[in-house]
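S.K.: Following this message is one structure expressed as structure tokens.
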Amino acid sequence: MTPLHGLVYRLVVAVDVEGYSKLDALDQSLVQARLSDVLDAAARNAGLDRDLWYRQVRGDGELAVLPADADAAWVVARFTEQLARALADLRAAGTPLRMRLAMHCGPLTAGAFGLVGDAPIVTCRLLDAKVVRGELARSDDDLVLVISDRLFADVVRTRFHDLDPTRFRPTRFRVKSTWYSGYLCTVAPVRG
């Protein structure tokens, strides 16, 4: 895991598994192992090296900061695509795993108890939003992606790596007296 030094501007990615807290300890450990495997496979198949990510484990999820040279459009397009494929493989094997995936880019640094700054806060607010949880609960798919409005404007609208802006729909929600805006995607974020 790459350490963070000083204030940096980076892409932050967070995942969270649906229904984890309802499981017993044995099933939680199995879910954690499957989660680690699908994240590794998705990154590897997208040509990304998770060993270079600054990762903060969250029990049933992860908050990760990607390296400075990470192509944000590639991560939104290909990592998401590969994660959806890895989850589909789990479902086909009879061990489904459903999750939310959030992404944002912004300033952050490492603190005494983990990441601090705008980027990790916004990413976690997007990940934990009721509207995002509800979207996954209603969806037949195993993955719901939510990105910040900044990431949508700066990255998705470029259409690099076949990103399709029409596959995202805007959302807005309030948490702790602050309004957040983002974009939801329940299908592949790329043109098929």
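Numbering starts fresh at 1 for the residues of each chain in the structure tokens, the chains themselves are lettered A, B, ... in the order given, and ligands are numbered from 1 as they appear.
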Sorted by chain and rising residue number, which residues of segment 80-176 of chain A lie within 7 Å of segment 36-59 of chain A, and what are their closest atom pairs and distances in Å to one decimal, counting only C-alpha atoms, as a tab-separated table?
M.R.:
```
residue	atom	partner	partner_atom	distance
A:Gln82	CA	A:Ala42	CA	4.6
A:Leu83	CA	A:Ala42	CA	4.7
A:Ala86	CA	A:Val38	CA	5.6
A:Leu87	CA	A:Val38	CA	6.9
```
S.K.: Quick one: which segment 14-87 of chain A residues come within 10 Å of segment 154-162 of chain A, and what is the nearest atom pair for each with the distance in Å to one decimal, counting only C-alpha atoms, rows ordered by chain and ascending number, as a tab-separated table?
M.R.:
```
residue	atom	partner	partner_atom	distance
A:Asp71	CA	A:Val155	CA	9.5
A:Ala72	CA	A:Val155	CA	6.8
A:Ala73	CA	A:Val155	CA	5.6
A:Trp74	CA	A:His161	CA	6.2
A:Val75	CA	A:His161	CA	9.5
A:Val76	CA	A:Val156	CA	7.9
A:Ala77	CA	A:His161	CA	6.5
A:Arg78	CA	A:His161	CA	8.0
```
S.K.: Tell me, in Å to one decimal, how far atom CA of Val190 of chain A is from atom CA of Phe79 of chain A.
M.R.: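 Between these atoms lies a distance of 11.0 Å.
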S.K.: Determine which residues of segment 28-175 of chain A DSSP labels as strand (DSSP E) from the backbone of this structure, then write them out as a PyMOL selection string.
M.R.: chain A and resi 54-57+61-65+99-111+114-116+143-148+169-175
S.K.: List the neighbours of segment 104-116 of chain A out to 9 Å using only C-alpha atoms; skip same-chain residues closer than 4 positions along the sequence, and give me the result as number ranges by chain.
M.R.: A: 3-13, 56, 63, 72, 120-123, 126, 146-152
S.K.: Since we have the selection now, will you write its residues out, keeping N, CA, C and O atoms, as a tab-separated table (two decimals), in the first residue's frame?
M.R.:
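Dumped to part.tsv:
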```tsv
chain	number	residue	atom	x	y	z
A	3	PRO	N	2.00	4.94	0.74
A	3	PRO	CA	1.67	5.94	1.75
A	3	PRO	C	1.32	7.28	1.09
A	3	PRO	O	1.71	7.55	-0.04
A	4	LEU	N	0.59	8.09	1.81
A	4	LEU	CA	0.25	9.44	1.34
A	4	LEU	C	1.08	10.44	2.11
A	4	LEU	O	1.20	10.35	3.33
A	5	HIS	N	1.64	11.41	1.40
A	5	HIS	CA	2.45	12.44	2.03
A	5	HIS	C	1.89	13.80	1.63
A	5	HIS	O	1.83	14.13	0.45
A	6	GLY	N	1.47	14.58	2.61
A	6	GLY	CA	0.96	15.92	2.34
A	6	GLY	C	-0.43	15.89	1.73
A	6	GLY	O	-1.04	14.84	1.55
A	7	LEU	N	-0.93	17.07	1.40
A	7	LEU	CA	-2.23	17.19	0.77
A	7	LEU	C	-2.12	16.83	-0.71
A	7	LEU	O	-1.28	17.37	-1.42
A	8	VAL	N	-2.95	15.89	-1.15
A	8	VAL	CA	-2.93	15.44	-2.54
A	8	VAL	C	-4.33	15.55	-3.14
A	8	VAL	O	-5.32	15.63	-2.42
A	9	TYR	N	-4.41	15.55	-4.44
A	9	TYR	CA	-5.69	15.57	-5.16
A	9	TYR	C	-5.76	14.24	-5.91
A	9	TYR	O	-4.97	14.00	-6.82
A	10	ARG	N	-6.69	13.37	-5.50
A	10	ARG	CA	-6.71	12.01	-6.05
A	10	ARG	C	-8.14	11.50	-6.28
A	10	ARG	O	-9.10	12.03	-5.73
A	11	LEU	N	-8.19	10.42	-7.03
A	11	LEU	CA	-9.43	9.68	-7.22
A	11	LEU	C	-9.61	8.75	-6.03
A	11	LEU	O	-8.69	8.03	-5.64
A	12	VAL	N	-10.81	8.79	-5.44
A	12	VAL	CA	-11.13	7.94	-4.29
A	12	VAL	C	-12.25	7.00	-4.70
A	12	VAL	O	-13.23	7.41	-5.32
A	13	VAL	N	-12.10	5.73	-4.36
A	13	VAL	CA	-13.06	4.69	-4.68
A	13	VAL	C	-13.47	3.99	-3.39
A	13	VAL	O	-12.61	3.65	-2.57
A	56	GLN	N	-8.07	1.69	2.96
A	56	GLN	CA	-8.57	1.73	4.34
A	56	GLN	C	-9.74	0.75	4.40
A	56	GLN	O	-10.78	0.99	3.81
A	63	LEU	N	-12.23	1.79	1.40
A	63	LEU	CA	-12.06	3.15	0.91
A	63	LEU	C	-10.64	3.21	0.38
A	63	LEU	O	-9.69	2.95	1.13
A	72	ALA	N	-8.64	8.46	-14.46
A	72	ALA	CA	-9.96	8.40	-13.83
A	72	ALA	C	-11.03	7.85	-14.76
A	72	ALA	O	-11.89	7.08	-14.34
A	120	PRO	N	-12.52	11.92	0.76
A	120	PRO	CA	-13.06	10.74	1.42
A	120	PRO	C	-14.45	10.98	2.02
A	120	PRO	O	-15.29	10.07	2.02
A	121	ILE	N	-14.71	12.19	2.50
A	121	ILE	CA	-16.02	12.48	3.08
A	121	ILE	C	-17.10	12.41	2.00
A	121	ILE	O	-18.13	11.74	2.18
A	122	VAL	N	-16.88	13.09	0.87
A	122	VAL	CA	-17.88	13.07	-0.20
A	122	VAL	C	-18.08	11.65	-0.73
A	122	VAL	O	-19.21	11.21	-0.94
A	123	THR	N	-16.99	10.92	-0.90
A	123	THR	CA	-17.09	9.54	-1.40
A	123	THR	C	-17.94	8.69	-0.47
A	123	THR	O	-18.82	7.94	-0.91
A	126	LEU	N	-21.66	9.67	-0.61
A	126	LEU	CA	-22.28	9.09	-1.81
A	126	LEU	C	-22.56	7.60	-1.60
A	126	LEU	O	-23.65	7.11	-1.88
A	146	VAL	N	-22.20	5.01	-8.02
A	146	VAL	CA	-22.56	6.42	-7.84
A	146	VAL	C	-21.26	7.21	-7.89
A	146	VAL	O	-20.25	6.82	-7.28
A	147	ILE	N	-21.28	8.30	-8.65
A	147	ILE	CA	-20.11	9.16	-8.75
A	147	ILE	C	-20.52	10.59	-8.40
A	147	ILE	O	-21.69	10.95	-8.50
A	148	SER	N	-19.57	11.39	-8.01
A	148	SER	CA	-19.85	12.78	-7.67
A	148	SER	C	-20.16	13.58	-8.93
A	148	SER	O	-19.79	13.19	-10.04
A	149	ASP	N	-20.84	14.70	-8.74
A	149	ASP	CA	-21.13	15.56	-9.87
A	149	ASP	C	-19.83	16.07	-10.50
A	149	ASP	O	-19.73	16.22	-11.71
A	150	ARG	N	-18.82	16.31	-9.70
A	150	ARG	CA	-17.52	16.75	-10.22
A	150	ARG	C	-16.90	15.69	-11.13
A	150	ARG	O	-16.40	15.99	-12.21
A	151	LEU	N	-16.93	14.44	-10.70
A	151	LEU	CA	-16.37	13.37	-11.51
A	151	LEU	C	-17.16	13.19	-12.80
A	151	LEU	O	-16.59	12.95	-13.87
A	152	PHE	N	-18.48	13.34	-12.71
A	152	PHE	CA	-19.29	13.25	-13.91
A	152	PHE	C	-18.91	14.36	-14.90
A	152	PHE	O	-18.67	14.10	-16.07
```
S.K.: If you count only C-alpha atoms, which residues fall within 12 Å of Val175 of chain A, apart from same-chain ones fewer than 2 positions away, as an NGL selection string?
M.R.: :A and (121-122 or 124-131 or 172-173 or 177-181)
S.K.: Would you please work out which residue, of A:Thr166, A:Asp140, A:Lys22, A:Gln32, is nearest to Arg91 of chain A when using only C-alpha atoms?
M.R.: A:Asp140
S.K.: What is the atom CA of Ala102 of chain A-atom CA of Ala68 of chain A distance in Å, reported with one decimal?
M.R.: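 Pair atom CA of Ala102 of chain A / atom CA of Ala68 of chain A returns 18.2 Å.
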S.K.: Please determine, counting only C-alpha atoms, which residue among A:Leu23, A:Met103, A:Val132, A:Leu97 has the shortest atom-to-atom distance to Ala84 of chain A.
M.R.: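 Smallest separation from Ala84 of chain A among the options: A:Leu97.
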S.K.: With distances taken over only C-alpha atoms, which of A:Thr95, A:Ser21, A:Thr80, A:Gln28 is nearest to Cys185 of chain A?
M.R.: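 Selected residue with least distance to Cys185 of chain A: A:Thr80.
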S.K.: Identify, with DSSP run on backbone atoms, the residues in segment 6-174 of chain A assigned to alpha helix (DSSP H), and express the list as a PyMOL selection string.
M.R.: chain A and resi 25-45+72-74+80-92+118-128+130-138+149-154
S.K.: Counting only C-alpha atoms, which residue out of A:Gly134, A:Gly182, A:Pro189, A:Gly117 sits closest to Pro165 of chain A?
M.R.: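 Of the candidates, the smallest distance to Pro165 of chain A is held by A:Pro189.
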